[in-house]
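As stored in target.cif (mmCIF, C-alpha atoms):
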data_upload
#
loop_
_atom_site.group_PDB
_atom_site.id
_atom_site.type_symbol
_atom_site.label_atom_id
_atom_site.label_comp_id
_atom_site.auth_asym_id
_atom_site.auth_seq_id
_atom_site.Cartn_x
_atom_site.Cartn_y
_atom_site.Cartn_z
ATOM 1 C CA MET A 1 7.835 7.936 1.351
ATOM 2 C CA LYS A 2 11.256 7.516 -0.187
ATOM 3 C CA ALA A 3 13.123 4.497 1.101
ATOM 4 C CA LYS A 4 16.277 5.166 3.070
ATOM 5 C CA ARG A 5 19.439 3.974 1.363
ATOM 6 C CA VAL A 6 21.071 0.811 2.645
ATOM 7 C CA LYS A 7 24.822 1.185 2.991
ATOM 8 C CA LYS A 8 27.604 -1.393 2.772
ATOM 9 C CA LEU A 9 25.737 -3.869 0.573
ATOM 10 C CA ASP A 10 28.258 -6.217 -0.993
ATOM 11 C CA PRO A 11 27.276 -8.570 -3.838
ATOM 12 C CA ARG A 12 30.174 -10.865 -2.847
ATOM 13 C CA ALA A 13 28.962 -11.213 0.730
ATOM 14 C CA PRO A 14 26.502 -13.936 1.795
ATOM 15 C CA LEU A 15 22.815 -13.215 1.285
ATOM 16 C CA ALA A 16 22.195 -13.256 5.051
ATOM 17 C CA ALA A 17 24.634 -10.426 5.694
ATOM 18 C CA ASN A 18 23.173 -8.226 2.975
ATOM 19 C CA ALA A 19 19.639 -9.100 4.072
ATOM 20 C CA ALA A 20 20.536 -8.187 7.651
ATOM 21 C CA ARG A 21 21.752 -4.755 6.551
ATOM 22 C CA ILE A 22 18.529 -4.155 4.595
ATOM 23 C CA VAL A 23 16.368 -5.423 7.460
ATOM 24 C CA ARG A 24 18.054 -3.163 10.015
ATOM 25 C CA VAL A 25 17.446 -0.103 7.875
ATOM 26 C CA ARG A 26 13.846 -1.029 7.062
ATOM 27 C CA LEU A 27 13.116 -1.880 10.697
ATOM 28 C CA GLY A 28 14.626 1.421 11.803
ATOM 29 C CA GLU A 29 12.404 3.250 9.327
ATOM 30 C CA LEU A 30 9.325 1.443 10.599
ATOM 31 C CA ARG A 31 10.050 2.185 14.249
ATOM 32 C CA SER A 32 10.889 5.808 13.490
ATOM 33 C CA PHE A 33 7.184 6.495 12.886
ATOM 34 C CA ALA A 34 6.321 5.673 16.493
ATOM 35 C CA PRO A 35 5.160 7.389 18.607
ATOM 36 C CA ALA A 36 3.956 9.951 16.026
ATOM 37 C CA ALA A 37 1.775 7.405 14.177
ATOM 38 C CA LEU A 38 0.167 6.406 17.476
ATOM 39 C CA GLN A 39 -1.715 9.704 17.597
ATOM 40 C CA GLU A 40 -5.210 8.977 16.327
ATOM 41 C CA ASP A 41 -5.313 11.777 13.744
ATOM 42 C CA ALA A 42 -1.758 11.257 12.434
ATOM 43 C CA ALA A 43 -2.939 9.985 9.045
ATOM 44 C CA HIS A 44 0.258 10.956 7.234
ATOM 45 C CA GLU A 45 2.545 9.175 9.703
ATOM 46 C CA GLN A 46 0.256 6.119 9.705
ATOM 47 C CA HIS A 47 0.426 6.004 5.919
ATOM 48 C CA ASP A 48 4.229 6.221 5.998
ATOM 49 C CA MET A 49 4.364 3.512 8.642
ATOM 50 C CA ARG A 50 2.245 1.272 6.388
ATOM 51 C CA ILE A 51 4.740 1.734 3.546
ATOM 52 C CA ALA A 52 7.617 0.993 5.932
ATOM 53 C CA ALA A 53 5.831 -2.143 7.197
ATOM 54 C CA LYS A 54 5.283 -3.270 3.618
ATOM 55 C CA ARG A 55 8.976 -2.869 2.778
ATOM 56 C CA LEU A 56 10.052 -4.770 5.892
ATOM 57 C CA ARG A 57 7.519 -7.519 5.235
ATOM 58 C CA TYR A 58 8.630 -8.056 1.658
ATOM 59 C CA VAL A 59 12.334 -8.197 2.446
ATOM 60 C CA LEU A 60 11.581 -10.668 5.251
ATOM 61 C CA GLU A 61 9.441 -12.815 2.953
ATOM 62 C CA ALA A 62 12.550 -13.418 0.868
ATOM 63 C CA THR A 63 15.131 -13.629 3.648
ATOM 64 C CA GLU A 64 13.467 -14.469 6.985
ATOM 65 C CA THR A 65 15.232 -17.823 7.258
ATOM 66 C CA SER A 66 18.431 -15.858 7.889
ATOM 67 C CA PHE A 67 17.014 -14.643 11.207
ATOM 68 C CA GLY A 68 15.491 -17.816 12.629
ATOM 69 C CA ARG A 69 12.055 -17.658 14.178
ATOM 70 C CA HIS A 70 12.553 -13.961 14.908
ATOM 71 C CA GLY A 71 12.360 -13.337 11.151
ATOM 72 C CA SER A 72 9.018 -15.060 10.759
ATOM 73 C CA HIS A 73 7.573 -13.412 13.897
ATOM 74 C CA ALA A 74 8.597 -10.002 12.588
ATOM 75 C CA ARG A 75 7.274 -10.766 9.113
ATOM 76 C CA ARG A 76 3.884 -11.694 10.563
ATOM 77 C CA GLY A 77 3.897 -8.547 12.683
ATOM 78 C CA ALA A 78 4.745 -6.375 9.685
ATOM 79 C CA ARG A 79 2.006 -8.036 7.665
ATOM 80 C CA SER A 80 -0.605 -7.413 10.367
ATOM 81 C CA LEU A 81 0.448 -3.783 10.660
ATOM 82 C CA GLN A 82 0.327 -3.357 6.900
ATOM 83 C CA GLY A 83 -3.184 -4.777 6.860
ATOM 84 C CA VAL A 84 -4.722 -2.650 9.592
ATOM 85 C CA LEU A 85 -2.924 0.505 8.453
ATOM 86 C CA GLY A 86 -4.114 -0.212 4.917
ATOM 87 C CA ASP A 87 -7.702 -0.388 6.130
ATOM 88 C CA ILE A 88 -7.220 2.906 7.989
ATOM 89 C CA HIS A 89 -5.792 4.423 4.816
ATOM 90 C CA ASP A 90 -8.839 3.250 2.859
ATOM 91 C CA CYS A 91 -11.036 5.205 5.281
ATOM 92 C CA ASP A 92 -8.750 8.234 5.001
ATOM 93 C CA GLU A 93 -9.008 8.107 1.212
ATOM 94 C CA MET A 94 -12.736 7.483 0.992
ATOM 95 C CA LEU A 95 -14.022 9.960 3.558
ATOM 96 C CA PRO A 96 -12.815 13.081 1.681
ATOM 97 C CA ARG A 97 -14.220 11.610 -1.542
ATOM 98 C CA VAL A 98 -17.625 11.188 0.052
ATOM 99 C CA GLU A 99 -17.516 14.712 1.454
ATOM 100 C CA SER A 100 -16.376 16.137 -1.858
ATOM 101 C CA HIS A 101 -19.128 14.230 -3.684
ATOM 102 C CA LEU A 102 -21.704 15.611 -1.248
ATOM 103 C CA ALA A 103 -20.368 19.134 -1.762
ATOM 104 C CA GLU A 104 -20.560 18.752 -5.560
ATOM 105 C CA MET A 105 -24.155 17.556 -5.369
ATOM 106 C CA ARG A 106 -25.097 20.416 -3.045
ATOM 107 C CA ALA A 107 -23.576 22.915 -5.477
ATOM 108 C CA LEU A 108 -25.397 21.354 -8.445
ATOM 109 C CA ASP A 109 -28.669 21.249 -6.522
ATOM 110 C CA ALA A 110 -28.299 24.876 -5.475
ATOM 111 C CA ASP A 111 -27.779 25.845 -9.113
ATOM 112 C CA ALA A 112 -30.836 23.832 -10.163
ATOM 113 C CA VAL A 113 -33.065 25.258 -7.407
ATOM 114 C CA LEU A 114 -31.919 28.775 -8.187
ATOM 115 C CA ALA A 115 -32.683 28.263 -11.855
ATOM 116 C CA GLU A 116 -36.191 27.089 -10.924
ATOM 117 C CA ALA A 117 -36.728 30.255 -8.894
ATOM 118 C CA GLY A 118 -36.518 32.401 -11.984
ATOM 119 C CA GLN A 119 -37.074 36.086 -11.199
ATOM 120 C CA ALA A 120 -38.710 35.513 -7.761
ATOM 121 C CA ASP A 121 -37.869 37.979 -4.934
ATOM 122 C CA ASP A 122 -37.192 35.121 -2.521
ATOM 123 C CA LEU A 123 -36.731 31.365 -2.779
ATOM 124 C CA ASP A 124 -39.717 29.104 -2.283
ATOM 125 C CA PRO A 125 -38.713 26.198 0.080
ATOM 126 C CA ARG A 126 -40.784 23.829 -2.041
ATOM 127 C CA LEU A 127 -38.250 24.262 -4.837
ATOM 128 C CA ALA A 128 -35.451 22.925 -2.578
ATOM 129 C CA ALA A 129 -37.620 19.887 -1.791
ATOM 130 C CA ARG A 130 -37.477 19.058 -5.509
ATOM 131 C CA ALA A 131 -33.675 19.318 -5.791
ATOM 132 C CA PRO A 132 -32.394 16.696 -8.255
ATOM 133 C CA HIS A 133 -30.126 14.929 -5.756
ATOM 134 C CA ARG A 134 -32.419 15.203 -2.745
ATOM 135 C CA THR A 135 -32.632 11.436 -2.315
ATOM 136 C CA SER A 136 -28.871 10.919 -2.536
ATOM 137 C CA TYR A 137 -27.711 12.735 0.562
ATOM 138 C CA ARG A 138 -28.775 10.424 3.347
ATOM 139 C CA GLY A 139 -26.929 7.316 2.134
ATOM 140 C CA LEU A 140 -23.723 9.294 1.696
ATOM 141 C CA GLU A 141 -24.030 10.916 5.112
ATOM 142 C CA VAL A 142 -24.515 7.466 6.644
ATOM 143 C CA LEU A 143 -21.458 6.290 4.698
ATOM 144 C CA ALA A 144 -19.405 9.169 6.136
ATOM 145 C CA VAL A 145 -20.528 8.221 9.638
ATOM 146 C CA TYR A 146 -19.543 4.614 8.973
ATOM 147 C CA LEU A 147 -16.096 5.604 7.690
ATOM 148 C CA GLN A 148 -15.412 7.853 10.685
ATOM 149 C CA ALA A 149 -16.495 5.187 13.152
ATOM 150 C CA ARG A 150 -14.592 2.415 11.346
ATOM 151 C CA ARG A 151 -11.420 4.484 11.332
ATOM 152 C CA ARG A 152 -11.640 4.972 15.088
ATOM 153 C CA LEU A 153 -12.165 1.267 15.645
ATOM 154 C CA LEU A 154 -9.266 0.352 13.349
ATOM 155 C CA PHE A 155 -6.994 2.873 15.014
ATOM 156 C CA GLY A 156 -7.666 1.171 18.338
ATOM 157 C CA ARG A 157 -6.715 -2.175 16.807
ATOM 158 C CA PHE A 158 -3.548 -0.684 15.318
ATOM 159 C CA ALA A 159 -2.463 0.854 18.645
ATOM 160 C CA GLU A 160 -3.031 -2.449 20.445
ATOM 161 C CA LEU A 161 -1.174 -4.368 17.753
ATOM 162 C CA TRP A 162 1.827 -2.047 17.880
ATOM 163 C CA GLU A 163 1.928 -2.149 21.667
ATOM 164 C CA GLY A 164 1.763 -5.951 21.636
ATOM 165 C CA ILE A 165 4.547 -6.307 19.078
ATOM 166 C CA GLU A 166 6.803 -3.984 21.063
ATOM 167 C CA ARG A 167 5.866 -5.643 24.367
ATOM 168 C CA ASP A 168 6.694 -9.078 22.954
ATOM 169 C CA GLY A 169 10.078 -7.813 21.781
ATOM 170 C CA VAL A 170 9.457 -8.801 18.161
ATOM 171 C CA TRP A 171 11.367 -5.837 16.715
ATOM 172 C CA ASP A 172 14.129 -5.962 19.346
ATOM 173 C CA ARG A 173 14.750 -9.646 18.654
ATOM 174 C CA LEU A 174 14.855 -9.102 14.905
ATOM 175 C CA GLU A 175 17.291 -6.225 15.389
ATOM 176 C CA LEU A 176 19.532 -8.401 17.555
ATOM 177 C CA ALA A 177 19.366 -11.299 15.087
ATOM 178 C CA ALA A 178 20.277 -9.002 12.183
ATOM 179 C CA THR A 179 23.132 -7.429 14.139
ATOM 180 C CA ARG A 180 24.458 -10.877 15.008
ATOM 181 C CA VAL A 181 24.398 -11.951 11.346
ATOM 182 C CA ILE A 182 26.325 -8.839 10.312
ATOM 183 C CA ARG A 183 28.875 -9.252 13.094
ATOM 184 C CA GLU A 184 29.464 -12.911 12.206
ATOM 185 C CA GLU A 185 29.942 -12.050 8.544
ATOM 186 C CA GLU A 186 32.371 -9.240 9.352
ATOM 187 C CA GLU A 187 34.376 -11.494 11.664
ATOM 188 C CA ALA A 188 34.480 -14.293 9.066
ATOM 189 C CA ALA A 189 35.441 -12.203 6.042
ATOM 190 C CA PRO A 190 36.721 -8.660 6.478
ATOM 191 C CA ALA A 191 35.485 -6.479 3.613
ATOM 192 C CA ALA A 192 37.965 -5.815 0.811
ATOM 193 C CA PRO A 193 37.489 -2.958 -1.677
ATOM 194 C CA GLY A 194 37.163 -3.899 -5.334
ATOM 195 C CA PRO A 195 35.382 -3.111 -8.592
ATOM 196 C CA GLU A 196 32.370 -5.163 -7.475
ATOM 197 C CA GLY A 197 32.614 -3.882 -3.910
ATOM 198 C CA ALA A 198 30.219 -2.339 -1.483
ATOM 199 C CA ARG A 199 27.288 -0.394 -2.855
ATOM 200 C CA THR A 200 24.097 1.166 -1.655
ATOM 201 C CA LEU A 201 20.542 0.218 -2.461
ATOM 202 C CA PRO A 202 17.860 2.868 -2.640
ATOM 203 C CA MET B 1 22.971 -5.584 -18.070
ATOM 204 C CA SER B 2 22.296 -3.423 -15.015
ATOM 205 C CA TRP B 3 18.980 -2.011 -13.778
ATOM 206 C CA PRO B 4 16.689 -1.252 -16.739
ATOM 207 C CA PRO B 5 14.012 -3.693 -15.471
ATOM 208 C CA LEU B 6 13.826 -1.805 -12.173
ATOM 209 C CA GLY B 7 11.786 0.999 -13.733
ATOM 210 C CA GLU B 8 9.449 -1.532 -15.302
ATOM 211 C CA VAL B 9 8.894 -3.446 -12.070
ATOM 212 C CA ARG B 10 8.142 -0.141 -10.353
ATOM 213 C CA HIS B 11 5.674 1.090 -12.985
ATOM 214 C CA LEU B 12 3.812 -2.198 -13.269
ATOM 215 C CA PRO B 13 2.649 -2.358 -9.634
ATOM 216 C CA ASP B 14 1.836 1.352 -9.725
ATOM 217 C CA ALA B 15 -0.471 0.823 -12.691
ATOM 218 C CA LEU B 16 -1.942 -2.330 -11.150
ATOM 219 C CA GLY B 17 -2.426 -0.507 -7.855
ATOM 220 C CA GLU B 18 -4.378 2.306 -9.490
ATOM 221 C CA ARG B 19 -6.758 -0.251 -10.939
ATOM 222 C CA ARG B 20 -6.969 -2.336 -7.776
ATOM 223 C CA ASP B 21 -7.666 0.674 -5.550
ATOM 224 C CA ARG B 22 -10.862 1.236 -7.512
ATOM 225 C CA ASP B 23 -11.788 -2.447 -7.486
ATOM 226 C CA VAL B 24 -11.478 -2.531 -3.711
ATOM 227 C CA ALA B 25 -13.343 0.752 -3.199
ATOM 228 C CA ILE B 26 -16.186 -0.315 -5.503
ATOM 229 C CA ALA B 27 -16.556 -3.705 -3.821
ATOM 230 C CA SER B 28 -16.556 -2.058 -0.405
ATOM 231 C CA LEU B 29 -19.152 0.572 -1.366
ATOM 232 C CA GLU B 30 -21.387 -1.998 -3.038
ATOM 233 C CA ALA B 31 -21.320 -4.136 0.091
ATOM 234 C CA PHE B 32 -22.090 -1.087 2.227
ATOM 235 C CA GLY B 33 -24.906 0.015 -0.094
ATOM 236 C CA ALA B 34 -26.462 -3.438 -0.061
ATOM 237 C CA ASP B 35 -26.956 -3.142 3.706
ATOM 238 C CA LEU B 36 -28.702 0.231 3.461
ATOM 239 C CA PRO B 37 -32.474 0.587 3.197
ATOM 240 C CA ALA B 38 -33.382 0.866 -0.487
ATOM 241 C CA PRO B 39 -34.242 4.609 -0.405
ATOM 242 C CA ASP B 40 -30.742 5.416 0.946
ATOM 243 C CA ARG B 41 -28.808 3.541 -1.704
ATOM 244 C CA ARG B 42 -28.981 6.074 -4.496
ATOM 245 C CA GLY B 43 -26.196 8.358 -3.268
ATOM 246 C CA VAL B 44 -23.814 5.460 -2.715
ATOM 247 C CA HIS B 45 -24.612 4.073 -6.164
ATOM 248 C CA GLY B 46 -23.794 7.486 -7.661
ATOM 249 C CA LEU B 47 -20.393 7.404 -6.007
ATOM 250 C CA VAL B 48 -19.836 3.866 -7.282
ATOM 251 C CA GLU B 49 -20.574 5.062 -10.822
ATOM 252 C CA LEU B 50 -17.908 7.751 -10.487
ATOM 253 C CA LEU B 51 -15.415 5.163 -9.318
ATOM 254 C CA ARG B 52 -16.297 2.948 -12.274
ATOM 255 C CA LEU B 53 -15.331 5.760 -14.631
ATOM 256 C CA GLU B 54 -11.981 6.073 -12.859
ATOM 257 C CA GLN B 55 -11.612 2.305 -12.998
ATOM 258 C CA ALA B 56 -12.081 2.380 -16.776
ATOM 259 C CA ARG B 57 -9.387 5.069 -17.091
ATOM 260 C CA ALA B 58 -7.063 3.042 -14.858
ATOM 261 C CA ASN B 59 -7.681 0.042 -17.107
ATOM 262 C CA GLU B 60 -6.518 2.015 -20.127
ATOM 263 C CA GLU B 61 -3.360 3.077 -18.291
ATOM 264 C CA LEU B 62 -2.723 -0.488 -17.193
ATOM 265 C CA ARG B 63 -3.292 -2.081 -20.602
ATOM 266 C CA PRO B 64 0.192 -1.504 -22.111
ATOM 267 C CA TYR B 65 1.919 -2.839 -19.005
ATOM 268 C CA VAL B 66 0.186 -6.214 -19.052
ATOM 269 C CA LYS B 67 0.589 -7.075 -22.714
ATOM 270 C CA ALA B 68 1.916 -10.619 -22.923
ATOM 271 C CA GLU B 69 4.938 -9.603 -25.018
ATOM 272 C CA ARG B 70 5.939 -6.877 -22.571
ATOM 273 C CA LEU B 71 5.624 -9.176 -19.575
ATOM 274 C CA ALA B 72 7.582 -11.885 -21.373
ATOM 275 C CA SER B 73 10.310 -9.362 -22.227
ATOM 276 C CA LEU B 74 10.496 -8.202 -18.619
ATOM 277 C CA CYS B 75 10.707 -11.783 -17.403
ATOM 278 C CA GLU B 76 13.514 -12.537 -19.824
ATOM 279 C CA ARG B 77 15.476 -9.478 -18.725
ATOM 280 C CA LEU B 78 15.043 -10.476 -15.091
ATOM 281 C CA ARG B 79 16.184 -13.976 -15.951
ATOM 282 C CA GLU B 80 19.283 -12.601 -17.644
ATOM 283 C CA LEU B 81 20.064 -10.565 -14.534
ATOM 284 C CA ALA B 82 19.617 -13.617 -12.318
ATOM 285 C CA ASP B 83 21.763 -15.733 -14.651
ATOM 286 C CA ALA B 84 24.497 -13.106 -14.661
ATOM 287 C CA ALA B 85 24.443 -12.983 -10.862
ATOM 288 C CA GLU B 86 24.704 -16.770 -10.716
ATOM 289 C CA ARG B 87 27.605 -16.778 -13.120
ATOM 290 C CA ARG B 88 29.394 -14.248 -10.938
ATOM 291 C CA ALA B 89 28.735 -16.392 -7.888
ATOM 292 C CA GLY B 90 29.892 -19.455 -9.848
ATOM 293 C CA ARG B 91 27.284 -21.772 -8.445
ATOM 294 C CA GLY B 92 23.637 -22.703 -8.418
ATOM 295 C CA PRO B 93 21.456 -24.676 -10.814
ATOM 296 C CA PRO B 94 19.952 -22.978 -13.889
ATOM 297 C CA LEU B 95 16.693 -21.172 -13.178
ATOM 298 C CA PRO B 96 13.377 -22.261 -14.697
ATOM 299 C CA SER B 97 11.985 -19.941 -17.334
ATOM 300 C CA LEU B 98 10.560 -16.881 -15.598
ATOM 301 C CA THR B 99 8.013 -16.471 -18.355
ATOM 302 C CA SER B 100 6.069 -19.233 -16.664
ATOM 303 C CA PHE B 101 5.432 -16.832 -13.768
ATOM 304 C CA ALA B 102 3.907 -14.084 -15.913
ATOM 305 C CA GLY B 103 0.452 -13.175 -14.715
ATOM 306 C CA ASN B 104 0.786 -14.728 -11.276
ATOM 307 C CA GLY B 105 0.182 -12.622 -8.186
ATOM 308 C CA ASP B 106 -0.814 -12.993 -4.589
ATOM 309 C CA GLY B 107 -3.217 -10.070 -4.527
ATOM 310 C CA SER B 108 -1.385 -8.358 -1.682
ATOM 311 C CA ARG B 109 -1.225 -4.594 -1.723
#
Take the structure in the file and give it back as structure tokens.
Amino acid sequence: MKAKRVKKLDPRAPLAANAARIVRVRLGELRSFAPAALQEDAAHEQHDMRIAAKRLRYVLEATETSFGRHGSHARRGARSLQGVLGDIHDCDEMLPRVESHLAEMRALDADAVLAEAGQADDLDPRLAARAPHRTSYRGLEVLAVYLQARRRLLFGRFAELWEGIERDGVWDRLELAATRVIREEEEAAPAAPGPEGARTLP
Amino acid sequence: MSWPPLGEVRHLPDALGERRDRDVAIASLEAFGADLPAPDRRGVHGLVELLRLEQARANEELRPYVKAERLASLCERLRELADAAERRAGRGPPLPSLTSFAGNGDGSR
């Protein structure tokens, strides 16, 4: 997911004001993935929300003191989201690999069994019982079951976490704190154009 | 100096991430396999072996990015950028050598 550009960054302005502009954009990106990411099968939106949480977390790790305790609360929230969404993503990555591995083994085994059949009119079931990968299937099927079940459990945790963060006003308070920092900076020093003036950050 | 190090600091975590993804997946599968009854482990071990091959390839891709000279060069360029920013701001004490941070990481993904 490409990061949204941050406008009106000014290298001459205080760090807090620039940080506040970055935080508002990153927070907006994060919240834009709800409610879509709160659908259980919305893997793509959940992945994008994880990236957005990561970006918000990292900018807050460097600048959270500019936003008082609201910065550290939001940073911890972003970190928790990043963690649980990362675990969900691991399941989303591994499950297709397991299924693809199973499919490859089935195809190889079918080739091997067919080769054993030679010129027979029909296939002897005893040949399938000697398929080269016959002992490999069960563990992988159990793994697929585990991954599906774990994803469901983790999704429940994610939904609860998101609901709790919103209910506690963590994002709203960070947004207000960032807006206040920007307003104070604008009131203290009106922006003046210049060669080192405002720029955007990708 | 402007943004040349930006590309480097983007590529480095990408290459590290490719390697780490396999490390994490292998560790997770090995732990899962260890809890299975012995006859069911074979399929999981086969998948782990595939991941180890990918891990070896990721290692090769990572190797040039973590050479000491390249990391030291990146650190120096970042230091120059930070110094230039401090000079523009006209304040702040000199920074410690960034080369001392080479190789450190918090393991976060």
Exercise for the section: Name the residues in contact with Leu50 in chain B at a cut-off of 12 Å, using all atoms listed in the file, excluding same-chain residues fewer than 2 positions from it; report them as a list of chain:residue names. Expected result: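 My reading of the contact set: A:Arg97, A:Val98, A:His101, B:Arg22, B:Ala25, B:Ile26, B:Leu29, B:Gly43, B:Val44, B:His45, B:Gly46, B:Leu47, B:Val48, B:Arg52, B:Leu53, B:Glu54, B:Gln55, B:Ala56, B:Arg57.
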Can you report as JSON the centre and edge lengths in Å, to one decimal, of an axis-aligned box around the listed atoms of range 143-148 of chain A padded with 6 Å on each side?
{"center_x": -18.4, "center_y": 6.9, "center_z": 7.7, "size_x": 18.0, "size_y": 16.6, "size_z": 18.0}
Handout entry: Selection result of the PyMOL selection byres ((chain A) within 10 of (chain B)) on this file, as a list of chain:residue names
Key =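 On this input, the PyMOL selection byres ((chain A) within 10 of (chain B)) captures A:Pro11, A:Arg12, A:Lys54, A:Arg79, A:Gln82, A:Gly83, A:Gly86, A:Asp90, A:Cys91, A:Glu93, A:Met94, A:Arg97, A:Val98, A:His101, A:Leu102, A:Met105, A:His133, A:Arg134, A:Thr135, A:Ser136, A:Tyr137, A:Arg138, A:Gly139, A:Leu140, A:Glu141, A:Val142, A:Leu143, A:Tyr146.
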Practice task
Find the residue from B:Ala31, B:Leu12, B:Leu51, B:Leu6 that sits nearest to Lys67 in chain B; use all atoms listed in the file when measuring.
Solution key: B:Leu12
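CA of Tyr65 in chain B lies 12.5 Å from CA of Glu18 in chain B.
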Problem - Atom-to-atom span, CA of Glu64 in chain A and CA of Ala20 in chain A, Å - result: 9.5 Å
Exercise for the section: Give the answer as one residue: which of A:Ala34, A:Ile165, A:Ala74, A:Leu85 has the shortest atom-to-atom distance to Arg50 in chain A, using only C-alpha atoms? Expected result: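 Using only C-alpha atoms, Arg50 in chain A sits closest to A:Leu85.
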Contacts of Glu175 in chain A within 9 Å, only C-alpha atoms, excl. fewer than 6 positions in-chain, as a PDB file with C-alpha atoms, in the frame of the given file:
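Written output follows (result00.pdb):
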ATOM      1  CA  ALA A  20      20.536  -8.187   7.651  1.00  0.00           C
ATOM      2  CA  VAL A  23      16.368  -5.423   7.460  1.00  0.00           C
ATOM      3  CA  ARG A  24      18.054  -3.163  10.015  1.00  0.00           C
ATOM      4  CA  LEU A  27      13.116  -1.880  10.697  1.00  0.00           C
ATOM      5  CA  GLY A  28      14.626   1.421  11.803  1.00  0.00           C
TER       6      GLY A  28
END
